[in-house]
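Undergrad: Just one file: upload_0.cif, with mmCIF, C-alpha atoms.
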data_start
#
loop_
_atom_site.label_atom_id
_atom_site.label_comp_id
_atom_site.auth_asym_id
_atom_site.auth_seq_id
_atom_site.Cartn_x
_atom_site.Cartn_y
_atom_site.Cartn_z
CA MET A 1 -107.15 2.54 -23.40
CA LYS A 2 -106.23 -0.03 -26.04
CA LYS A 3 -109.08 -1.85 -27.79
CA ILE A 4 -109.38 -5.63 -28.19
CA LEU A 5 -111.98 -7.47 -30.27
CA ILE A 6 -112.72 -10.95 -28.82
CA VAL A 7 -114.30 -13.48 -31.17
CA ASP A 8 -115.61 -16.87 -29.98
CA ASP A 9 -118.73 -18.84 -30.89
CA MET A 10 -118.82 -20.38 -27.38
CA MET A 11 -120.59 -17.87 -25.17
CA VAL A 12 -119.10 -19.13 -21.90
CA SER A 13 -115.56 -18.95 -23.28
CA LEU A 14 -116.28 -15.49 -24.73
CA MET A 15 -117.50 -14.15 -21.39
CA MET A 16 -114.60 -15.64 -19.44
CA THR A 17 -112.03 -14.16 -21.84
CA GLU A 18 -113.69 -10.75 -21.66
CA ASN A 19 -113.62 -10.84 -17.83
CA MET A 20 -109.88 -11.53 -17.91
CA LEU A 21 -109.15 -8.53 -20.14
CA ALA A 22 -111.81 -5.96 -19.21
CA ASP A 23 -109.86 -4.32 -16.36
CA GLN A 24 -106.93 -3.35 -18.59
CA TYR A 25 -108.46 -3.02 -22.08
CA GLU A 26 -111.59 -1.78 -23.78
CA THR A 27 -113.18 -4.99 -25.06
CA PHE A 28 -115.72 -5.77 -27.80
CA CYS A 29 -117.27 -9.22 -28.23
CA ALA A 30 -118.45 -11.07 -31.32
CA SER A 31 -119.81 -14.61 -31.58
CA SER A 32 -119.12 -15.04 -35.32
CA GLY A 33 -116.74 -13.91 -38.03
CA LYS A 34 -119.45 -11.88 -39.74
CA GLU A 35 -120.31 -10.02 -36.54
CA ALA A 36 -116.60 -9.45 -35.87
CA ILE A 37 -116.14 -7.75 -39.26
CA GLU A 38 -118.99 -5.33 -38.54
CA ILE A 39 -117.57 -4.45 -35.12
CA TYR A 40 -114.07 -4.01 -36.56
CA ARG A 41 -115.41 -1.54 -39.13
CA GLN A 42 -116.98 0.55 -36.39
CA GLU A 43 -114.34 0.38 -33.65
CA HIS A 44 -110.99 -0.35 -35.38
CA PRO A 45 -109.52 -2.23 -32.41
CA ASP A 46 -105.80 -2.48 -31.76
CA MET A 47 -105.84 -6.28 -31.97
CA VAL A 48 -108.15 -9.25 -32.49
CA LEU A 49 -108.25 -12.27 -30.15
CA SER A 50 -110.13 -14.94 -32.05
CA ASP A 51 -111.08 -18.57 -31.59
CA LEU A 52 -109.57 -20.62 -34.37
CA ARG A 53 -112.38 -23.04 -35.18
CA MET A 54 -115.82 -21.42 -35.61
CA PRO A 55 -118.79 -22.36 -37.80
CA GLY A 56 -119.38 -20.28 -40.93
CA MET A 57 -116.02 -18.42 -40.84
CA SER A 58 -112.89 -19.72 -39.13
CA GLY A 59 -110.39 -17.54 -37.37
CA TYR A 60 -108.03 -17.87 -40.37
CA GLU A 61 -110.75 -16.74 -42.74
CA LEU A 62 -111.65 -13.80 -40.51
CA GLN A 63 -108.02 -12.68 -40.46
CA LEU A 64 -107.65 -12.89 -44.23
CA ALA A 65 -110.98 -11.11 -44.83
CA LEU A 66 -110.00 -8.15 -42.63
CA GLN A 67 -106.51 -7.89 -44.12
CA GLU A 68 -107.91 -7.92 -47.65
CA GLU A 69 -110.43 -5.21 -46.78
CA TYR A 70 -107.95 -2.91 -45.01
CA HIS A 71 -104.79 -3.78 -47.00
CA LYS A 72 -102.64 -4.05 -43.91
CA ILE A 73 -101.42 -6.56 -41.36
CA ILE A 74 -103.89 -6.68 -38.46
CA PRO A 75 -102.55 -7.94 -35.09
CA PHE A 76 -104.21 -11.32 -34.44
CA MET A 77 -103.85 -13.85 -31.65
CA PHE A 78 -105.67 -17.14 -31.95
CA MET A 79 -107.25 -19.19 -29.17
CA THR A 80 -107.43 -22.92 -29.79
CA ALA A 81 -107.91 -26.23 -28.01
CA ASP A 82 -105.92 -28.01 -30.76
CA HIS A 83 -102.48 -29.34 -29.96
CA ASP A 84 -101.60 -29.89 -33.60
CA GLU A 85 -98.32 -28.15 -34.49
CA GLU A 86 -99.45 -27.90 -38.11
CA THR A 87 -102.39 -25.73 -37.03
CA GLU A 88 -100.04 -23.37 -35.20
CA SER A 89 -97.62 -23.24 -38.15
CA LYS A 90 -100.43 -22.37 -40.57
CA GLY A 91 -101.56 -19.54 -38.31
CA PHE A 92 -98.09 -17.99 -38.18
CA ASP A 93 -97.78 -18.34 -41.96
CA ASN A 94 -100.98 -16.28 -42.27
CA GLY A 95 -99.54 -13.54 -40.07
CA ALA A 96 -100.74 -14.42 -36.56
CA MET A 97 -98.67 -12.80 -33.81
CA ASP A 98 -99.30 -15.49 -31.17
CA PHE A 99 -101.32 -18.56 -30.15
CA ILE A 100 -102.75 -19.45 -26.77
CA ARG A 101 -104.16 -22.84 -25.96
CA LYS A 102 -107.41 -23.35 -24.08
CA PRO A 103 -107.88 -23.47 -21.21
CA PHE A 104 -105.53 -20.62 -20.27
CA ARG A 105 -104.76 -18.76 -17.08
CA PRO A 106 -105.62 -15.04 -16.82
CA ASP A 107 -102.01 -14.01 -16.05
CA VAL A 108 -100.68 -15.89 -19.09
CA LEU A 109 -103.31 -14.32 -21.38
CA LEU A 110 -102.61 -10.80 -20.06
CA ARG A 111 -98.87 -11.21 -20.45
CA ARG A 112 -99.16 -12.44 -24.05
CA VAL A 113 -101.61 -9.68 -25.00
CA ALA A 114 -99.29 -7.09 -23.43
CA ASN A 115 -96.37 -8.45 -25.47
CA ILE A 116 -98.39 -8.10 -28.69
CA MET A 117 -99.45 -4.55 -27.82
CA HIS A 118 -95.83 -3.63 -27.07
CA ASN A 119 -94.59 -5.11 -30.35
CA VAL A 120 -97.34 -3.36 -32.31
CA GLU A 121 -96.47 -0.04 -30.68
CA GLN A 122 -92.78 -0.47 -31.55
CA VAL A 123 -93.63 -1.27 -35.17
CA GLN A 124 -95.96 1.75 -35.34
CA ASN A 125 -93.26 4.02 -33.91
CA LEU A 126 -90.70 2.73 -36.42
CA LYS A 127 -93.19 3.27 -39.23
CA LYS A 128 -93.98 6.77 -37.98
CA ASN A 129 -90.27 7.64 -37.79
CA ALA A 130 -89.76 6.38 -41.33
CA GLU A 131 -92.70 8.38 -42.65
CA THR A 132 -92.29 11.71 -40.87
CA ASP A 133 -89.91 14.65 -41.17
CA ALA A 134 -87.71 14.64 -38.08
CA LEU A 135 -87.72 18.44 -37.63
CA THR A 136 -91.39 19.35 -38.14
CA GLY A 137 -93.21 16.08 -37.49
CA LEU A 138 -95.03 16.39 -40.83
CA LEU A 139 -95.01 13.65 -43.45
CA ASN A 140 -91.68 13.53 -45.26
CA LYS A 141 -91.31 13.79 -49.04
CA ALA A 142 -91.47 10.07 -49.78
CA SER A 143 -94.55 9.49 -47.62
CA SER A 144 -96.28 12.61 -48.96
CA GLU A 145 -95.78 11.50 -52.56
CA LYS A 146 -96.98 7.98 -51.76
CA GLU A 147 -100.13 9.17 -49.98
CA LEU A 148 -100.91 11.83 -52.58
CA THR A 149 -100.50 9.44 -55.50
CA GLU A 150 -103.41 7.37 -54.15
CA MET A 151 -105.38 10.31 -52.77
CA CYS A 152 -105.46 12.25 -56.03
CA LYS A 153 -106.93 9.23 -57.85
CA THR A 154 -110.03 9.07 -55.69
CA THR A 155 -110.44 12.27 -53.68
CA ALA A 156 -111.67 15.73 -54.64
CA GLY A 157 -109.89 18.69 -53.13
CA ALA A 158 -107.10 21.25 -53.46
CA LEU A 159 -103.46 20.26 -53.90
CA MET A 160 -101.25 23.11 -52.69
CA MET A 161 -97.52 23.66 -52.92
CA ILE A 162 -96.37 26.07 -50.21
CA ASP A 163 -93.03 27.88 -50.08
CA LEU A 164 -91.71 29.83 -47.09
CA ASP A 165 -90.52 33.02 -48.81
CA SER A 166 -87.09 34.51 -48.00
CA PHE A 167 -86.28 31.71 -45.56
CA LYS A 168 -82.63 31.60 -46.69
CA LEU A 169 -82.13 35.03 -45.14
CA VAL A 170 -82.99 33.61 -41.71
CA ASN A 171 -80.15 31.10 -41.97
CA ASP A 172 -77.74 33.66 -43.42
CA ILE A 173 -78.41 36.36 -40.83
CA HIS A 174 -79.50 34.49 -37.69
CA GLY A 175 -77.98 31.03 -38.18
CA HIS A 176 -79.36 27.56 -38.78
CA ALA A 177 -80.57 27.04 -35.20
CA MET A 178 -82.96 29.97 -35.64
CA GLY A 179 -83.81 28.66 -39.10
CA ASP A 180 -84.96 25.38 -37.54
CA LYS A 181 -87.15 27.25 -35.05
CA VAL A 182 -88.78 29.18 -37.88
CA LEU A 183 -89.47 25.99 -39.86
CA ILE A 184 -91.03 24.30 -36.82
CA THR A 185 -93.19 27.37 -36.21
CA PHE A 186 -94.22 27.53 -39.87
CA ALA A 187 -95.24 23.85 -39.77
CA ASP A 188 -97.42 24.58 -36.72
CA ILE A 189 -99.05 27.49 -38.56
CA LEU A 190 -99.82 25.22 -41.53
CA ARG A 191 -101.37 22.67 -39.16
CA ALA A 192 -103.63 25.39 -37.82
CA ALA A 193 -104.62 26.36 -41.37
CA VAL A 194 -105.85 22.91 -42.40
CA ARG A 195 -108.11 20.27 -40.86
CA PRO A 196 -106.81 17.15 -39.08
CA SER A 197 -108.17 15.03 -41.93
CA ASP A 198 -106.16 16.97 -44.54
CA LEU A 199 -102.67 15.87 -45.61
CA LEU A 200 -99.67 18.02 -44.78
CA GLY A 201 -96.05 17.26 -45.63
CA ARG A 202 -92.57 18.77 -45.94
CA MET A 203 -90.96 18.22 -49.32
CA GLY A 204 -87.58 19.49 -48.12
CA GLY A 205 -85.95 22.78 -47.12
CA ASP A 206 -88.58 25.51 -47.12
CA GLU A 207 -91.02 23.62 -49.39
CA PHE A 208 -94.25 22.14 -48.06
CA ILE A 209 -97.30 20.45 -49.59
CA ALA A 210 -100.92 20.10 -48.55
CA PHE A 211 -104.08 18.38 -49.78
CA CYS A 212 -107.31 19.82 -48.43
CA HIS A 213 -110.32 17.55 -48.90
CA GLY A 214 -113.43 18.96 -50.53
CA ILE A 215 -112.00 22.42 -51.29
CA HIS A 216 -112.79 23.58 -54.83
CA GLU A 217 -113.29 27.33 -54.38
CA GLU A 218 -110.68 30.04 -54.73
CA SER A 219 -112.03 31.90 -51.70
CA SER A 220 -111.01 29.04 -49.39
CA VAL A 221 -107.46 29.07 -50.74
CA ALA A 222 -107.32 32.87 -50.39
CA GLN A 223 -108.37 32.64 -46.73
CA LYS A 224 -105.67 30.10 -45.98
CA ALA A 225 -103.01 32.20 -47.72
CA LYS A 226 -104.05 35.28 -45.73
CA PHE A 227 -104.05 33.36 -42.45
CA VAL A 228 -100.60 31.82 -42.99
CA ASN A 229 -98.98 35.09 -44.09
CA GLU A 230 -100.34 37.01 -41.12
CA ARG A 231 -99.29 34.38 -38.62
CA ILE A 232 -95.74 33.82 -39.89
CA THR A 233 -94.91 37.53 -39.62
CA GLU A 234 -96.20 37.66 -36.05
CA ALA A 235 -94.36 34.49 -35.09
CA ALA A 236 -91.08 35.57 -36.72
CA LYS A 237 -91.02 38.81 -34.73
CA LYS A 238 -91.52 36.89 -31.50
CA LEU A 239 -88.58 34.65 -32.42
CA MET A 240 -86.18 37.25 -33.82
CA GLY A 241 -87.31 40.51 -32.28
CA GLU A 242 -89.63 43.33 -33.31
CA ASP A 243 -86.88 44.83 -35.47
CA MET A 244 -86.90 41.70 -37.66
CA ASN A 245 -87.21 42.97 -41.23
CA ILE A 246 -86.77 39.75 -43.24
CA PRO A 247 -89.68 39.58 -45.72
CA LEU A 248 -90.95 36.19 -44.55
CA GLY A 249 -94.23 34.97 -45.95
CA ALA A 250 -95.90 32.11 -47.80
CA SER A 251 -96.42 31.61 -51.54
CA ILE A 252 -99.06 29.02 -52.47
CA GLY A 253 -99.58 27.37 -55.84
CA CYS A 254 -102.88 25.47 -56.00
CA VAL A 255 -104.50 23.03 -58.40
CA PHE A 256 -108.00 21.60 -57.98
CA VAL A 257 -108.52 17.83 -58.12
CA PRO A 258 -110.06 16.14 -60.14
CA MET A 259 -110.87 19.25 -62.22
CA ARG A 260 -107.26 19.41 -63.51
CA GLY A 261 -106.56 15.68 -63.43
CA THR A 262 -105.97 12.76 -61.08
CA ASP A 263 -102.32 11.92 -61.78
CA PHE A 264 -100.22 13.25 -58.92
CA PRO A 265 -96.96 13.91 -60.85
CA GLU A 266 -98.88 15.97 -63.42
CA LEU A 267 -100.86 17.78 -60.75
CA TYR A 268 -97.62 18.54 -58.92
CA LYS A 269 -96.21 20.21 -62.04
CA LYS A 270 -99.38 22.29 -62.41
CA ALA A 271 -99.28 23.42 -58.78
CA ASP A 272 -95.60 24.29 -59.30
CA LYS A 273 -96.49 26.49 -62.29
CA ALA A 274 -99.10 28.28 -60.20
CA LEU A 275 -96.55 28.75 -57.41
CA TYR A 276 -94.06 30.33 -59.79
CA ILE A 277 -96.66 32.90 -60.88
CA VAL A 278 -96.93 33.97 -57.23
CA LYS A 279 -93.14 34.23 -57.00
CA GLN A 280 -93.06 36.41 -60.12
CA ASN A 281 -95.68 38.75 -58.71
CA GLY A 282 -94.19 39.73 -55.40
CA LYS A 283 -94.67 36.51 -53.35
CA HIS A 284 -96.79 36.34 -50.16
CA GLY A 285 -99.95 35.20 -51.94
CA TYR A 286 -101.57 32.42 -53.94
CA SER A 287 -102.35 31.42 -57.49
CA ILE A 288 -104.80 28.85 -58.89
CA TYR A 289 -103.64 26.81 -61.86
CA THR A 290 -105.50 27.30 -65.13
CA GLU A 291 -104.88 25.62 -68.47
CA ASP A 292 -103.83 28.92 -70.04
CA ALA A 293 -101.14 29.56 -67.40
CA PRO A 294 -98.03 30.90 -69.18
CA GLU A 295 -94.92 28.76 -69.49
CA THR A 296 -92.12 30.30 -67.44
CA GLU A 297 -88.46 29.71 -66.88
CA LYS A 298 -87.51 29.70 -63.24
CA ALA A 299 -84.88 31.99 -61.80
CA ASP A 300 -83.80 32.46 -58.22
CA ILE A 301 -82.18 35.88 -58.02
CA ALA A 302 -82.07 37.75 -54.74
CA SER A 303 -82.93 41.45 -54.76
CA LEU A 304 -80.19 43.94 -53.90
CA ALA A 305 -81.99 44.71 -50.63
CA GLN A 306 -81.89 41.01 -49.71
CA VAL A 307 -78.20 40.80 -50.56
CA GLU A 308 -77.48 43.83 -48.37
CA MET A 309 -79.30 42.16 -45.48
CA ILE A 310 -76.93 39.21 -45.79
CA LEU A 311 -73.82 41.39 -46.09
CA ASN A 312 -74.64 43.85 -43.32
CA GLU A 313 -73.24 43.40 -39.82
CA ARG A 314 -76.13 42.86 -37.43
CA ASN A 315 -76.08 44.58 -34.02
CA LEU A 316 -73.13 46.80 -34.95
CA GLU A 317 -70.77 47.19 -31.99
CA ALA A 318 -68.55 50.14 -31.15
CA GLY A 319 -64.80 49.73 -31.51
CA ALA A 320 -62.58 47.82 -33.92
CA PHE A 321 -63.70 44.95 -36.14
CA ILE A 322 -62.46 41.50 -34.97
CA LEU A 323 -61.95 39.00 -37.81
CA SER A 324 -60.57 35.52 -38.36
CA PHE A 325 -57.03 35.40 -39.75
CA GLU A 326 -58.29 34.41 -43.22
CA ASN A 327 -60.73 37.32 -43.37
CA PHE A 328 -58.05 39.66 -41.98
CA ARG A 329 -55.73 38.58 -44.79
CA ALA A 330 -58.43 39.35 -47.39
CA VAL A 331 -58.87 42.87 -45.95
CA TYR A 332 -55.07 43.35 -45.87
CA ARG A 333 -54.74 42.38 -49.53
CA PHE A 334 -57.58 44.68 -50.52
CA LEU A 335 -56.06 47.65 -48.65
CA LYS A 336 -52.63 46.97 -50.13
CA ARG A 337 -54.14 46.80 -53.63
CA THR A 338 -56.01 50.11 -53.21
CA ARG A 339 -53.28 51.91 -51.24
CA GLY A 340 -52.57 54.43 -54.01
CA PHE A 341 -56.17 55.74 -54.09
CA TYR A 342 -56.09 57.27 -50.59
CA SER A 343 -54.17 60.23 -49.20
CA LYS A 344 -53.59 58.74 -45.73
CA ASN A 345 -51.76 55.58 -44.77
CA THR A 346 -52.79 52.16 -43.54
CA CYS A 347 -50.47 50.62 -40.95
CA ILE A 348 -50.10 47.08 -39.67
CA ILE A 349 -49.13 46.57 -36.02
CA GLY A 350 -48.02 43.36 -34.34
CA PHE A 351 -48.57 43.01 -30.57
CA SER A 352 -47.28 40.28 -28.24
CA LEU A 353 -47.56 39.70 -24.47
CA LYS A 354 -44.92 38.71 -21.94
CA ARG A 355 -45.35 37.88 -18.25
CA HIS A 356 -43.47 40.40 -16.07
CA LYS A 357 -44.88 39.53 -12.66
CA GLU A 358 -45.44 36.14 -11.06
CA GLY A 359 -48.66 35.28 -9.30
CA GLY A 360 -52.29 35.66 -10.10
CA ASN A 361 -54.63 33.05 -11.56
CA ILE A 362 -54.56 34.34 -15.13
CA THR A 363 -52.90 32.32 -17.91
CA LEU A 364 -51.32 33.66 -21.09
CA ALA A 365 -54.31 32.48 -23.14
CA GLN A 366 -56.71 34.32 -20.83
CA ALA A 367 -54.54 37.42 -20.95
CA ILE A 368 -54.56 37.32 -24.78
CA ASP A 369 -58.37 37.23 -24.77
CA GLN A 370 -58.48 40.20 -22.39
CA PHE A 371 -55.97 42.07 -24.53
CA ILE A 372 -58.01 41.58 -27.71
CA GLU A 373 -61.13 42.78 -25.89
CA THR A 374 -59.24 45.86 -24.66
CA LEU A 375 -57.94 46.55 -28.16
CA GLN A 376 -61.41 46.26 -29.62
CA LYS A 377 -62.75 48.90 -27.23
CA THR A 378 -59.70 51.17 -27.58
CA LEU A 379 -59.47 51.36 -31.39
CA ARG A 380 -61.83 52.84 -33.98
CA GLN A 381 -64.62 51.11 -35.90
CA GLY A 382 -62.54 51.37 -39.06
CA ASP A 383 -59.64 49.39 -37.56
CA VAL A 384 -59.32 45.60 -37.84
CA ILE A 385 -57.99 43.00 -35.34
CA THR A 386 -57.05 39.32 -35.61
CA LYS A 387 -55.12 36.72 -33.63
CA ASN A 388 -52.13 35.03 -35.26
CA GLY A 389 -50.81 31.96 -33.43
CA ASN A 390 -50.75 31.70 -29.65
CA ASN A 391 -49.19 35.04 -28.76
CA GLN A 392 -49.52 37.57 -31.56
CA ILE A 393 -52.30 40.04 -32.25
CA LEU A 394 -52.34 41.89 -35.56
CA VAL A 395 -54.03 45.25 -36.14
CA LEU A 396 -54.75 47.23 -39.30
CA LEU A 397 -55.02 50.95 -38.57
CA THR A 398 -56.78 52.48 -41.57
CA ASN A 399 -56.74 56.05 -42.82
CA THR A 400 -54.05 57.11 -40.35
CA ASP A 401 -51.18 59.61 -40.03
CA ALA A 402 -48.95 56.73 -38.96
CA GLN A 403 -46.51 57.72 -36.20
CA ARG A 404 -48.71 60.30 -34.47
CA GLU A 405 -51.88 58.20 -34.41
CA ILE A 406 -50.04 54.98 -33.54
CA THR A 407 -48.44 56.72 -30.56
CA SER A 408 -51.83 58.05 -29.49
CA ALA A 409 -53.47 54.61 -29.85
CA VAL A 410 -50.71 52.88 -27.86
CA ASN A 411 -51.00 55.46 -25.07
CA ARG A 412 -54.75 54.83 -24.81
CA LEU A 413 -54.10 51.10 -24.87
CA ASN A 414 -51.51 51.34 -22.07
CA LYS A 415 -54.02 53.13 -19.87
CA ASN A 416 -56.88 50.72 -20.61
CA TRP A 417 -54.70 47.61 -20.36
CA GLY A 418 -53.42 48.61 -16.93
CA ALA A 419 -56.96 48.49 -15.57
CA ASN A 420 -57.23 44.76 -16.37
CA GLU A 421 -56.01 41.79 -14.35
CA GLY A 422 -53.94 40.79 -17.38
CA GLY A 423 -52.25 44.20 -17.34
CA THR A 424 -51.03 43.53 -13.79
CA TYR A 425 -49.09 40.41 -14.76
CA PHE A 426 -48.38 40.85 -18.50
CA TRP A 427 -46.90 43.72 -20.48
CA PHE A 428 -47.06 44.11 -24.23
CA ASN A 429 -44.57 45.14 -26.89
CA TYR A 430 -45.25 46.00 -30.50
CA GLU A 431 -43.78 46.82 -33.91
CA TRP A 432 -45.40 48.50 -36.85
CA GLN A 433 -44.98 49.51 -40.46
CA VAL A 434 -46.86 51.34 -43.19
CA ILE A 435 -48.44 49.17 -45.86
CA ASP A 436 -46.73 50.05 -49.13
CA LYS A 437 -48.26 49.88 -52.58
#
Could you render the structure from this file as structure tokens?
TA:
Amino acid sequence: MKKILIVDDMMVSLMMTENMLADQYETFCASSGKEAIEIYRQEHPDMVLSDLRMPGMSGYELQLALQEEYHKIIPFMFMTADHDEETESKGFDNGAMDFIRKPFRPDVLLRRVANIMHNVEQVQNLKKNAETDALTGLLNKASSEKELTEMCKTTAGALMMIDLDSFKLVNDIHGHAMGDKVLITFADILRAAVRPSDLLGRMGGDEFIAFCHGIHEESSVAQKAKFVNERITEAAKKLMGEDMNIPLGASIGCVFVPMRGTDFPELYKKADKALYIVKQNGKHGYSIYTEDAPETEKADIASLAQVEMILNERNLEAGAFILSFENFRAVYRFLKRTRGFYSKNTCIIGFSLKRHKEGGNITLAQAIDQFIETLQKTLRQGDVITKNGNNQILVLLTNTDAQREITSAVNRLNKNWGANEGGTYFWFNYEWQVIDK
């Protein structure tokens, strides 16, 4: 339930206003500006409904005092018996969201308060969208840097840079949609590792940042690193299967504040140096910055095992290898270039389909798809298939004795193609030749 602070030095007016609002809002009452400030500090209401003219501190003065103390615009609506337009204009100049003139009807008051609450909620949502990372819901880079610049000046704790190790392999092997799922999961794991009062942000890509209040011991950082690394492995296997062998993990570079300074840009550099030490020593761990940390030059070189994971075909299927025309052309050029190093031939075959029987619900395009699928199952794993145009399928038969093996392959294809619907209405013809040097 939304909170409203009602301020009026006239007790009867205060009670009447509270009765109008109490069914729909949680209300707090103050009979002076001073009392209102104390209640605001304790309850942090969503808006303030204040009488304009009060002894000691006017409604204007109350508004300015609260905004100076909290450094933000506080939603205010003033109640007044004045009919002076200058009074209303001054209130809006000071940031008031609305005025209501006494005496007022309950339905009018409720409608105006509801409008203010709606506007405040829209502004808060816009602000939240501007400050948060759309994918993970954490603070974005700009907001993180802004918050941390002020936080590091006044707050003791641990500033941590956190990298998701080997994340690029997820995108390369499983695609970006899976990569997004892993990032969202990793963000949730980081939330579980810190307290709600701590700051957590995404700096971009697989880089995150955290500030944990009051932490100044290495053991606390070590526990968080252990927790995050254990959880991300478990979560990744649930997302990508138990056979997932990407070396995902978290590397954490930490610097203690204010022990190593209070200037955020400098602290960021120190945490980055600590992070690089972790990267140099096998990843999946943490490092605390010290003044004698060695200067290092960064390098981002994948291991041969990681490169092989990218290059390998995942979930290897039986039968021929189906490629795009561009990739087929690259394989063709390679085989033509290396032709002289092998004792057997490589042949290229061109297939096309032609309707020989009317009827059926199958189109030429559907028949082509069926034909490629039949080819893929009929040929060997070392053979390569592509589609060229609307009605041509090209095949590279590798390491073959040409005429004999082509005849054998076409016979198998005839048998398998006849078992398809496409084989009932379309027949194929072909031509072939040996790839010369």
Undergrad: Which distance in Å separates CA of Gln403 in chain A and CA of Asn390 in chain A, to one decimal?
TA: 27.2 Å
Undergrad: May I ask which of the residues A:Arg53, A:Lys238, A:Lys181, A:Arg112 is the closest one to Met77 in chain A, counting only C-alpha atoms?
TA: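 Result for the nearest residue to Met77 in chain A: A:Arg112.
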Undergrad: What gap, in Å, lies between CA of Asp8 in chain A and CA of Tyr70 in chain A?
TA: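 That distance, rounded to one decimal, is 21.9 Å.
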Undergrad: Tell me, as JSON, numbers by chain, which residues lie within 8 Å of range 134-136 of chain A, counting only C-alpha atoms; anything in the same chain fewer than 3 positions away does not count.
TA: {"A": [129, 180, 183, 184, 187, 202]}
Undergrad: Tell me, in Å to one decimal, how far CA of Val123 in chain A is from CA of Leu110 in chain A.
TA: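 Interatomic distance, CA of Val123 in chain A to CA of Leu110 in chain A: 20.0 Å.
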Undergrad: For the file shown, report as a PyMOL selection string the outcome of the PyMOL selection byres ((chain A and resi 361-375) around 7) at residue level.
TA: chain A and resi 359-360+376-379+413+416-417+422
Undergrad: Starting from the shown file, work through the PyMOL selection byres ((chain A and resi 186) around 10) and note down what comes out as number ranges by chain.
TA: A: 136, 164, 180-185, 187-192, 206, 208, 228-229, 231-232, 235-236, 249-250
